[in-house]
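Text of the file coords30.txt, holding compact mmCIF, C-alpha atoms:
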# COMPACT_ATOMS: atom_id res chain seq x y z
CA MET A 681 8.09 -11.66 7.11
CA TRP A 682 4.63 -13.22 6.95
CA LYS A 683 3.51 -15.43 4.07
CA GLY A 684 -0.06 -16.10 3.10
CA LEU A 685 -2.26 -17.06 0.18
CA THR A 686 -4.94 -15.07 -1.62
CA PRO A 687 -8.19 -16.93 -2.42
CA SER A 688 -6.72 -17.72 -5.87
CA GLY A 689 -3.71 -19.40 -4.29
CA ILE A 690 -1.20 -16.64 -5.00
CA GLU A 691 1.46 -16.61 -2.29
CA VAL A 692 2.07 -13.14 -0.92
CA LYS A 693 4.78 -11.96 1.43
CA VAL A 694 4.27 -9.16 3.93
CA TYR A 695 7.39 -7.55 5.31
CA LYS A 696 7.36 -5.95 8.75
CA GLU A 697 9.23 -2.75 9.35
CA PRO A 698 11.83 -3.46 12.08
CA ASN A 699 10.78 -0.61 14.40
CA ILE A 700 7.14 -1.73 14.63
CA SER A 701 5.99 -4.53 16.92
CA ASN A 702 4.54 -7.64 15.29
CA GLU A 703 1.23 -7.11 17.05
CA VAL A 704 0.74 -3.55 15.84
CA TYR A 705 2.02 -4.32 12.36
CA PHE A 706 -0.13 -7.37 11.68
CA GLN A 707 -3.24 -5.76 13.10
CA PHE A 708 -2.55 -2.67 11.00
CA ARG A 709 -2.03 -4.65 7.79
CA LEU A 710 -4.32 -7.62 8.17
CA GLU A 711 -7.28 -6.45 10.25
CA VAL A 712 -8.29 -3.43 8.25
CA PHE A 713 -6.03 -1.07 10.09
CA TYR A 714 -7.44 -1.39 13.63
CA GLU A 715 -5.14 -1.48 16.64
CA SER A 716 -6.11 -3.57 19.66
CA TYR A 717 -7.56 -0.48 21.37
CA ASP A 718 -10.07 -0.07 18.51
CA ARG A 719 -8.35 3.05 17.27
CA VAL A 720 -7.75 3.49 13.59
CA MET A 721 -4.04 4.03 12.99
CA TYR A 722 -2.25 5.27 9.90
CA ILE A 723 1.25 6.19 8.85
CA TYR A 724 1.53 9.97 9.03
CA PRO A 725 3.05 11.19 5.73
CA PHE A 726 4.90 14.10 7.34
CA ASP A 727 7.09 12.02 9.67
CA GLY A 728 6.52 8.40 8.62
CA LYS A 729 5.29 7.31 12.08
CA PHE A 730 2.09 5.58 13.17
CA LYS A 731 -0.53 8.03 14.46
CA ASP A 732 -4.15 7.89 15.56
CA PHE A 733 -6.48 8.73 12.71
CA PRO A 734 -7.59 12.36 13.19
CA ASP A 735 -10.98 12.82 14.85
CA GLY A 736 -13.55 14.06 12.37
CA ALA A 737 -11.35 13.38 9.33
CA ARG A 738 -13.04 11.69 6.41
CA ALA A 739 -11.41 8.31 5.86
CA SER A 740 -10.23 7.09 2.49
CA VAL A 741 -8.58 3.83 1.42
CA ASP A 742 -5.35 4.54 -0.44
CA HIS A 743 -3.91 2.08 -2.93
CA ILE A 744 -0.18 2.22 -2.20
CA LEU A 745 0.61 1.11 -5.74
CA PRO A 746 -2.01 3.06 -7.69
CA GLN A 747 -4.51 1.05 -9.68
CA SER A 748 -3.30 2.67 -12.90
CA ALA A 749 0.25 1.41 -12.26
CA PHE A 750 -0.83 -2.23 -12.36
CA ASN A 751 -1.83 -1.90 -16.02
CA LYS A 752 1.70 -0.78 -16.87
CA ILE A 753 3.15 -4.12 -15.70
CA ASP A 754 3.59 -6.39 -18.74
CA GLY A 755 1.21 -9.32 -18.50
CA PHE A 756 -1.04 -7.93 -15.74
CA ASP A 757 -3.90 -7.34 -18.16
CA LYS A 758 -3.81 -11.02 -19.18
CA LEU A 759 -4.34 -12.30 -15.63
CA PRO A 760 -7.88 -13.45 -14.79
CA LYS A 761 -9.99 -10.47 -13.69
CA HIS A 762 -10.52 -11.86 -10.17
CA VAL A 763 -6.74 -12.21 -9.72
CA GLN A 764 -6.21 -8.64 -10.93
CA ASN A 765 -8.74 -7.44 -8.36
CA GLU A 766 -7.15 -9.51 -5.57
CA LEU A 767 -3.74 -8.00 -6.28
CA ILE A 768 -5.02 -4.43 -6.57
CA ASN A 769 -7.10 -4.71 -3.39
CA HIS A 770 -4.80 -6.93 -1.33
CA PRO A 771 -4.33 -5.61 2.24
CA MET A 772 -0.61 -5.23 1.48
CA ASN A 773 -1.60 -2.57 -1.09
CA LEU A 774 -4.10 -0.69 1.06
CA GLN A 775 -3.70 1.90 3.78
CA PRO A 776 -6.05 4.35 5.44
CA LEU A 777 -5.48 8.04 4.77
CA PRO A 778 -7.56 11.11 5.46
CA LYS A 779 -9.41 11.86 2.21
CA GLU A 780 -7.65 15.21 1.68
CA LEU A 781 -4.22 13.56 1.92
CA ASN A 782 -5.23 10.71 -0.38
CA SER A 783 -6.50 13.20 -2.95
CA SER A 784 -3.19 15.07 -2.74
CA LYS A 785 -1.20 11.84 -3.14
CA GLY A 786 -3.18 10.85 -6.20
CA ALA A 787 -1.81 8.11 -8.47
CA LYS A 788 1.84 8.93 -7.91
CA ILE A 789 4.62 6.34 -8.12
CA GLU A 790 7.76 6.70 -6.00
CA THR A 791 10.83 6.58 -8.23
CA GLY A 792 13.38 8.40 -6.10
CA THR A 793 13.03 11.67 -7.97
CA GLU A 794 9.30 11.61 -8.67
CA GLY A 795 6.34 10.83 -6.47
CA TRP A 796 4.39 12.51 -3.71
CA GLN A 797 6.69 15.27 -2.53
CA ARG A 798 4.42 17.96 -1.06
CA TYR A 799 1.02 18.39 0.46
CA VAL A 800 0.29 21.64 -1.33
CA LYS A 801 -2.78 22.63 0.71
CA GLU A 802 -0.68 23.02 3.88
CA ASN A 803 2.64 23.62 2.10
CA LYS A 804 4.24 20.63 3.86
CA ASP A 805 6.92 18.28 2.57
CA ILE A 806 6.24 14.56 2.60
CA SER A 807 8.74 12.79 4.86
CA PRO A 808 11.61 10.96 3.12
CA LEU A 809 10.91 8.05 5.52
CA TYR A 810 7.30 7.87 4.34
CA ARG A 811 8.34 8.12 0.68
CA LYS A 812 10.80 5.25 1.22
CA TYR A 813 8.02 3.22 2.83
CA LEU A 814 5.85 3.85 -0.26
CA ALA A 815 8.67 3.02 -2.68
CA ASP A 816 9.57 -0.21 -0.86
CA ARG A 817 5.94 -1.32 -0.62
CA GLN A 818 5.35 -0.49 -4.31
CA ASP A 819 8.37 -2.60 -5.27
CA GLU A 820 7.10 -5.52 -3.15
CA ILE A 821 3.66 -5.31 -4.74
CA ARG A 822 5.14 -5.24 -8.26
CA ALA A 823 7.17 -8.34 -7.36
CA GLU A 824 3.99 -10.14 -6.23
CA VAL A 825 2.33 -9.26 -9.55
CA LEU A 826 5.26 -10.82 -11.41
CA VAL A 827 4.91 -13.97 -9.28
CA ALA A 828 1.22 -14.16 -10.21
CA ILE A 829 2.01 -13.66 -13.91
CA GLU A 830 4.49 -16.52 -13.75
CA LYS A 831 2.14 -18.74 -11.72
CA PHE A 832 -0.71 -18.29 -14.19
CA GLY A 833 1.60 -18.80 -17.17
CA VAL A 834 0.63 -15.50 -18.71
CA ASN A 835 2.50 -14.65 -21.89
CA LYS A 836 3.62 -11.05 -21.80
Take the structure in the file and give it back as structure tokens.
Amino acid sequence: MWKGLTPSGIEVKVYKEPNISNEVYFQFRLEVFYESYDRVMYIYPFDGKFKDFPDGARASVDHILPQSAFNKIDGFDKLPKHVQNELINHPMNLQPLPKELNSSKGAKIETGTEGWQRYVKENKDISPLYRKYLADRQDEIRAEVLVAIEKFGVNK
């Protein structure tokens, strides 16, 4: 686990998946998704593994916890606007995806029974490993929002 502070002083925790080296993980998360070989990497939704970004694919930045989901967290709307933006756009909440995949994912929340289940255009199932990654990351991000709400003394 890595701990750091946002510019507003909110402590965030970044958890590393055990099967990914520290070097690859931190560069993926904290250096705008570039690996040391200057290749853009992303987690492939169909098997949950790191892959090179497809040549010629249009890149898109995906919010792992959709922006609309933040407003459903009691107290989030009372945080200062700059703190809201830091949480929504924190590197822990961002990942690169090809634009077509990001459009297919949309603003879905992983709940175990709901979420991004299929990429309809190619009739492919989304990997359970990838869906678990999304669900875990969404839970971690929600927890960080609650920490910020407490830190700023926001009344729900």
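Atom CA of A:Leu777 sits 10.9 Å away from atom CA of A:Lys731.
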### Query
Of the residues A:Glu790, A:Glu780, A:Glu766, A:Asp757, which is the one nearest to A:Gln818, using only C-alpha atoms?
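Selected residue with least distance to A:Gln818: A:Glu790.
Of the residues under consideration (A:Leu759, A:Ala737, A:Ile789, A:Ile723), A:Leu759 shows the shortest atom-to-atom contact distance to A:Val827 when counting all atoms listed in the file.
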### Query
Do you have the atom CA of A:Gly833-atom CA of A:Leu814 distance handy?
28.6 Å
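Considering all atoms listed in the file, the residue among A:Phe730, A:Glu824, A:Asn782, A:Tyr724 positioned nearest to A:Ile753 is A:Glu824.
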### Task
Would you list the residues near (16.4, 9.2, -4.3) (no more than 12 Å away, in the coordinates of the file, using only C-alpha atoms) as a PyMOL selection string?
chain A and resi 790-795+797+808-809+811-812+815
### Task
Give me the residues within 9 Å of A:Ile768 as a list in words, counting only C-alpha atoms and dropping any in the same chain fewer than 2 places off.
His743, Leu745, Pro746, Gln747, Phe750, Val763, Gln764, Asn765, Glu766, His770, Pro771, Asn773, Leu774 and Ile821 of chain A
### Query
What is the atom CA of A:Met772-atom CA of A:Asp816 distance in Å, reported with one decimal?
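Between these atoms lies a distance of 11.6 Å.
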### Residue nearest A:Ile829 - candidates A:Arg738, A:Arg719, A:Lys752, A:Lys758, atoms counted: all atoms listed in the file
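Among the listed residues, the smallest separation from A:Ile829 belongs to A:Lys758.
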### A:Ala823, A:Ile744, A:Leu781, A:Val800 ranked by distance to A:Pro725, top pick (using all atoms listed in the file)
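The shortest atom-to-atom distance to A:Pro725 comes from A:Leu781.
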### Message
I'd like the neighbourhood of A:Tyr799 as number ranges by chain, where a residue qualifies if any of its atoms comes within 7 Å (using only C-alpha atoms), though same-chain residues fewer than 6 positions away should be ignored.
### Response
A: 784, 805-806
